Amino acid sequence: MAQRVFVTGIGIICAIGKNAGEALSSLQAARSGISHITILDTVHRGELPAGEIKMTNEQLAALAGVTDMEMQTRTSLLGLIAAGEALESACIDPKNNDFRTGVISASTVGGMDKTEINFRNYHLGPPYNNFILTHDCGDSTEKIAVQLGFRDMVSTISTACSSSANSIMFAARLIKHGILDRALAGGTDALSKFTLNGFNTLMILDKQPCRPFDKSRVGLNLGEGAAYLVLESEKALGNRIPLAELTGYANANDAYHQTASSPDGYGPYLSMSQALQASGLHPGEISYINAHGTGTDNNDLTEGIAIEKIFGNNIPPISSTKPYTGHTLGAAGAVEAVISILSINHQTIFPNLHYREKMDELSFEPVREVLKGKELRHVLSNSFGFGGNDSTLILSSC
Amino acid sequence: MEAYIRGIGNISPQATFDNGVFLEEIREYRSARLQAIEPDYKQYIKPIQLRRMSRLLRMGVTSAGICLHDAGIEKPGAIITGTGLGMMEETEKFLNGIFDNGERLLNPTAFIQSTHNTVGAHIAVMLNCNHYNLTYVHGPVSFENALLDSLMWLAEKPDDKVLTGGVEELTESHFIITDSIHFWKKGGISNLDLLKDKNPGTIAGEGAAFFLLSKQEDPGNYAIIKGLSTRFNPGKDHIAVRYTEEFLASHNLGMDDIDLMLLGLNGDPVSDETYRPLLQHLEGKTPGAYFKHLCGEHYLASSFALWLAARIVKSQAIPAAVMLNPGQAPGKINRILIYNHYQNIHHSLMLVTSC
């Protein structure tokens with residue numbers, strides 16, 4: 001159980017880029033990916049902005065190396081692209097028999113993008129009913145495992161907006177228990193009418209680009225994307241140089257309400273403090289917090305209160321990167337883990353875009369400009385979800 | 001990694017929610033759709049909460065409540081749930097609303113209750129349980145994933161108690177949709193004749209089964225989960241015999257050490273072919289039993305099998321209806337091995353022993 005877990009590869013596709021290099025350029029240029037919806041077929045085009053990837057499914061398929069579109073959802077195409085990049089960046093062969101490998105993924109709505117287009121035509125037979133079986137959250141996970149050659153285990157987690165933070169955590173524990181040596185861990189979620197309308201009925205979508213931690217914030221922008229980390233044991237790492245080490249993690253439950261967080265942010269407080277405890281770090285050793293920071297009234301307030309409770313008067317630089325990517329739901333934990341690793345590797349804190357005015361209730365303000373040349377030793381990344389599912393990851397430089 | 005089963009709760013197409021009886025009467029169905037026999041929820045959930053809950057949520061929360069009561073535990077150290085399709089009723093309701101109302105004037109309740117973690121989250125709120133909480137959604141291995149996490153959790157925190165389980169519902173429309181792609185047997189087939197019918201397809205089921213797992217010895221313990229394994233996508237190879245022998249060898253056991261083999265036979269000739277080499281291998285040596293005629297085929301069916309194994313080991317009684325060959329029932333039942341597979345893509349093994 002004393003095993004360390006290293007990150008050796010990253011892959012990402014989201015509104016600010018179709019790979020880590022493009023995402024980094026956007027982050028460094030403080031360039032948001034929030035725009036009007038043009039790909040998703042919805043009546044809310046022009047009304048609700050989103051972090052939409054401006055590529056059709058056919059374009060995504062070409063990028064993913066997929067020729068047969070018969071049973072491909074947008075969720076699985078995004079997953080295949082990010083997972084493929086992560087594997088390439090780690091320079092490993094999952095088919096190497098010396099190591100046990102698995103894919104631990106996450107999604108909130110799985111193949112919903114195709115379900116909602118086809119479900120009223122299932123009775124007409126093919127090609128409509130090809131998508132009955134792609135609805136499952138595990139469908140994209142299995143496509144990734146088969147295409148990339150991961151064999152020993154597949155698993156998929158769904159805990160709303162913290163899903164892929166939990167898949168990274170579960171993968172790390174599988175490695176620590178010696179069940180896997182190498183895992184591809186992350187998540188994927190495509191924009192869908194289902195989630196767009198769902199969040200819209202909750203009246204927590206901002207019609208403007210979202211502005212987390214701002215006094216005037218009114219809600220979030222949804223996004224879509226996929227991100228994966230390659231996690232490896234010390235043994236599997238050998239003498240290769242990792243991108244980062246996963247030094248801490250925790251999962252707690254707010255146990256307050258299905259969609260709202262407790263007024264004192266007890267769940268977020270628990271997940272952050274337990275992750276710190278797991279890493280053996282003091283709060284003062286955290287160099288930067290990549291906040292959950294959705295831009296909703298409720299989240300930013302309770303996350304902020306919990307941060308103040310833990311860090312007191314010594315709050316590290318904080319930003320939410322959701323104004324770049326939108327809230328990518330089941331992929332968000334992994335998207336932000338990749339961004340945290342880019343921060344560590346490039347010694348840069350990416351700003352909390354669109355922030356203008358301090359919240360009355362909080363003592364701190366988020367980072368407003370690109371901060372370069374910062375040695376980031378330990379980064380704490382939060383992911384909180386419906387159902388009070390709160391998770392925190394701590395990524396450290398190597 | 002192993003753990004005691006200290007408490008159980010099971011709502012299934014059989015009358016299983018009362019832990020005081022054990023399959024005394026077997027429910028016969030004359031269709032390919034087996035629906036859960038639900039308890040009177042008012043005995044378990046406050047009416048004001050009950051009104052707002054979807055059917056699967058009621059089933060899940062009640063099954064978990066029965067399990068915790070059985071174990072005498074108020075608040076577990078972790079709540080780990082599996083569900084394949086999640087909250088289908090609410091998902092369908094919200095989807096239909098989107099299309100019927102042109103994406104306008106929708107009711108948020110169905111959306112809120114559509115997320116896959118709804119059952120686990122509700123249990124946390126009801127118990128005011130701030131601990132580790134996770135929901136696995138990988139189709140037919142959702143329960144095995146949840147169980148693996150639970151065993152890992154207890155290895156990390158041996159003093160904890162873990163509530164783990166699986167919930168799955170079969171809505172009317174999902175039955176019709178999957179029937180249209182030939183999942184289910186046609187006509188008025190009896191579930192009790194499942195293995196006699198040689199036509200393609202199986203019978204559909206649903207259920208909610210929870211287990212309270214612990215590392216502590218207790219006279220109330222049902223059984224020990226000794227081992228768990230999953231195998232993904234083995235290809236066209238017949239892996240059943242080799243996989244079983246390798247698994248048993250990793251526990252220093254051989255086929256002869258198993259008193260009862262519980263198989264996921266579901267009546268579909270192609271699916272059941274996967275078990276045939278194993279059945280031949282067992283013949284004359286190890287008695288075989290099956291369970292999907294009782295619970296139906298569904299993503300969480302292996303949770304019903306674990307419940308069945310735990311009850312058999314604890315009571316040392318095997319309901320005649322589960323034996324493949326009723327004359328072959330073993331005397332003492334110390335070790336049960338559960339083998340389940342789904343479309344030869346996901347295979348799993350669970351070793352259950354007496355305390």
# chains A, B, ... in the order shown; residues from 1 in each chain; ligands from 1
call {"tool": "closest_atom_pairs", "arguments": {"of": "chain A", "to": "chain B", "cutoff": "6 Å", "atoms": "only C-alpha atoms", "output": "CSV"}}
result
residue,atom,partner,partner_atom,distance
A:Gly138,CA,B:His138,CA,4.7
A:Ser155,CA,B:His138,CA,5.5
A:Thr156,CA,B:His138,CA,4.9
A:Ile157,CA,B:Tyr136,CA,4.5
A:Ser158,CA,B:Thr135,CA,5.7
A:Thr159,CA,B:Asn117,CA,5.3
A:Gly198,CA,B:Phe111,CA,5.5
A:Thr201,CA,B:Pro108,CA,5.3
A:Asn251,CA,B:Tyr132,CA,5.3
A:Ala252,CA,B:Tyr132,CA,4.8
A:Asn253,CA,B:Asn130,CA,4.4
A:Asp254,CA,B:Asn130,CA,5.7
A:Ala255,CA,B:Val125,CA,4.2
A:Tyr256,CA,B:Val125,CA,5.7
A:Gly387,CA,B:Ala121,CA,4.7
call {"tool": "residues_around", "arguments": {"residues": "range 259-276 of chain A", "least_positions_apart": "6", "cutoff": "10 Å", "atoms": "only C-alpha atoms", "output": "ChimeraX atom specification"}}
result
/A:202,247-253,282-283,285-286,292,298-311,380-394 /B:112-113,130-132
call {"tool": "residues_around", "arguments": {"residues": "Gly186 in chain A", "least_positions_apart": "4", "cutoff": "7 Å", "atoms": "only C-alpha atoms", "output": "MDAnalysis selection string"}}
result
chainID A and resid 104:106 164 167:168 227:229 331 334
call {"tool": "write_last_selection", "arguments": {"atoms": "C-alpha atoms", "output": "PDB file, in the first residue's frame"}}
result
ATOM      1  CA  ILE A 104     -11.097   3.596 -15.489  1.00  0.00           C
ATOM      2  CA  SER A 105     -13.388   6.162 -17.040  1.00  0.00           C
ATOM      3  CA  ALA A 106     -16.281   8.387 -16.090  1.00  0.00           C
ATOM      4  CA  SER A 164     -13.623  11.759 -13.345  1.00  0.00           C
ATOM      5  CA  SER A 167     -12.072   7.646 -11.658  1.00  0.00           C
ATOM      6  CA  ILE A 168      -8.537   9.030 -11.181  1.00  0.00           C
ATOM      7  CA  ALA A 227      -9.397  14.076 -20.634  1.00  0.00           C
ATOM      8  CA  TYR A 228      -7.293  11.144 -19.488  1.00  0.00           C
ATOM      9  CA  LEU A 229      -4.183  10.600 -17.417  1.00  0.00           C
ATOM     10  CA  ALA A 331     -14.927  15.009 -17.775  1.00  0.00           C
ATOM     11  CA  ALA A 334      -9.859  14.996 -15.494  1.00  0.00           C
TER      12      ALA A 334
END
call {"tool": "select_by_dssp", "arguments": {"residues": "range 23-268 of chain B", "states": "helix (DSSP H, G or I)", "output": "PyMOL selection string"}}
result
chain B and resi 41-43+47-50+55-71+88-100+108-112+118-127+139-156+172-180+191-193+240-250+255-257
call {"tool": "write_last_selection", "arguments": {"atoms": "C-alpha atoms", "output": "CSV table (one decimal), in the first residue's frame"}}
result
chain,number,residue,atom,x,y,z
B,41,TYR,CA,-42.6,1.3,1.3
B,42,LYS,CA,-44.6,3.2,4.0
B,43,GLN,CA,-43.1,0.9,6.5
B,47,PRO,CA,-44.7,9.5,3.3
B,48,ILE,CA,-43.5,13.1,2.5
B,49,GLN,CA,-40.2,11.7,1.2
B,50,LEU,CA,-41.8,8.7,-0.5
B,55,ARG,CA,-39.5,3.7,-8.2
B,56,LEU,CA,-35.8,2.7,-8.4
B,57,LEU,CA,-35.0,5.2,-5.7
B,58,ARG,CA,-37.6,3.7,-3.4
B,59,MET,CA,-36.3,0.2,-4.1
B,60,GLY,CA,-32.7,1.2,-3.5
B,61,VAL,CA,-33.2,3.2,-0.4
B,62,THR,CA,-35.5,0.5,1.1
B,63,SER,CA,-33.2,-2.3,0.3
B,64,ALA,CA,-30.3,-0.4,1.9
B,65,GLY,CA,-32.4,0.3,4.9
B,66,ILE,CA,-33.3,-3.3,5.3
B,67,CYS,CA,-29.7,-4.2,5.1
B,68,LEU,CA,-28.5,-1.7,7.7
B,69,HIS,CA,-31.3,-2.8,10.0
B,70,ASP,CA,-30.3,-6.4,9.5
B,71,ALA,CA,-26.7,-5.5,10.5
B,88,MET,CA,-34.2,5.0,-16.4
B,89,GLU,CA,-37.7,6.1,-15.4
B,90,GLU,CA,-36.6,9.7,-14.7
B,91,THR,CA,-34.3,9.8,-17.7
B,92,GLU,CA,-37.1,8.7,-20.0
B,93,LYS,CA,-39.5,11.2,-18.4
B,94,PHE,CA,-37.1,14.1,-18.9
B,95,LEU,CA,-36.2,13.1,-22.4
B,96,ASN,CA,-39.8,12.8,-23.4
B,97,GLY,CA,-40.5,16.2,-21.8
B,98,ILE,CA,-37.7,17.7,-24.0
B,99,PHE,CA,-39.3,16.4,-27.2
B,100,ASP,CA,-43.0,16.9,-26.2
B,108,PRO,CA,-36.4,19.9,-13.1
B,109,THR,CA,-37.4,17.1,-10.7
B,110,ALA,CA,-37.0,14.4,-13.3
B,111,PHE,CA,-33.6,15.8,-14.3
B,112,ILE,CA,-32.4,16.0,-10.7
B,118,THR,CA,-29.1,9.4,-7.1
B,119,VAL,CA,-29.6,6.3,-4.9
B,120,GLY,CA,-26.2,6.5,-3.2
B,121,ALA,CA,-26.6,10.2,-2.7
B,122,HIS,CA,-30.1,9.8,-1.2
B,123,ILE,CA,-28.9,7.1,1.2
B,124,ALA,CA,-26.1,9.5,2.3
B,125,VAL,CA,-28.6,12.3,3.0
B,126,MET,CA,-31.0,10.0,4.8
B,127,LEU,CA,-28.2,8.7,7.1
B,139,GLY,CA,-23.0,-2.2,-17.3
B,140,PRO,CA,-22.8,-5.9,-16.2
B,141,VAL,CA,-19.7,-5.3,-13.9
B,142,SER,CA,-21.2,-2.4,-12.0
B,143,PHE,CA,-21.7,-4.6,-8.9
B,144,GLU,CA,-18.3,-6.3,-9.2
B,145,ASN,CA,-16.7,-2.9,-9.4
B,146,ALA,CA,-18.6,-1.7,-6.4
B,147,LEU,CA,-17.6,-4.9,-4.5
B,148,LEU,CA,-14.0,-4.6,-5.4
B,149,ASP,CA,-13.9,-1.0,-4.2
B,150,SER,CA,-15.6,-2.1,-1.0
B,151,LEU,CA,-13.0,-4.8,-0.4
B,152,MET,CA,-10.2,-2.3,-1.1
B,153,TRP,CA,-11.8,0.2,1.3
B,154,LEU,CA,-11.9,-2.4,4.1
B,155,ALA,CA,-8.3,-3.4,3.4
B,156,GLU,CA,-7.4,0.3,3.8
B,172,GLU,CA,-41.8,-0.8,-19.7
B,173,SER,CA,-40.3,1.2,-22.6
B,174,HIS,CA,-36.8,-0.1,-22.1
B,175,PHE,CA,-38.2,-3.6,-22.2
B,176,ILE,CA,-39.9,-2.9,-25.5
B,177,ILE,CA,-36.8,-1.3,-26.9
B,178,THR,CA,-34.5,-4.2,-26.0
B,179,ASP,CA,-37.2,-6.7,-27.0
B,180,SER,CA,-37.1,-5.1,-30.5
B,191,ASN,CA,-39.3,-18.6,-15.8
B,192,LEU,CA,-39.2,-22.0,-14.1
B,193,ASP,CA,-38.7,-23.7,-17.5
B,240,ALA,CA,-14.6,-20.7,-18.4
B,241,VAL,CA,-12.7,-23.7,-17.3
B,242,ARG,CA,-9.2,-22.2,-17.4
B,243,TYR,CA,-10.4,-18.9,-15.8
B,244,THR,CA,-12.1,-20.8,-13.0
B,245,GLU,CA,-9.1,-23.0,-12.3
B,246,GLU,CA,-6.7,-20.1,-12.3
B,247,PHE,CA,-8.9,-18.2,-9.9
B,248,LEU,CA,-9.3,-21.1,-7.6
B,249,ALA,CA,-5.5,-21.8,-7.7
B,250,SER,CA,-4.9,-18.2,-6.7
B,255,MET,CA,-12.4,-27.5,-8.3
B,256,ASP,CA,-12.9,-30.4,-5.8
B,257,ASP,CA,-12.9,-27.9,-2.9
call {"tool": "atom_distance", "arguments": {"atom1": "CA of Asn221 in chain A", "atom2": "CA of Met53 in chain B"}}
result
28.7 Å
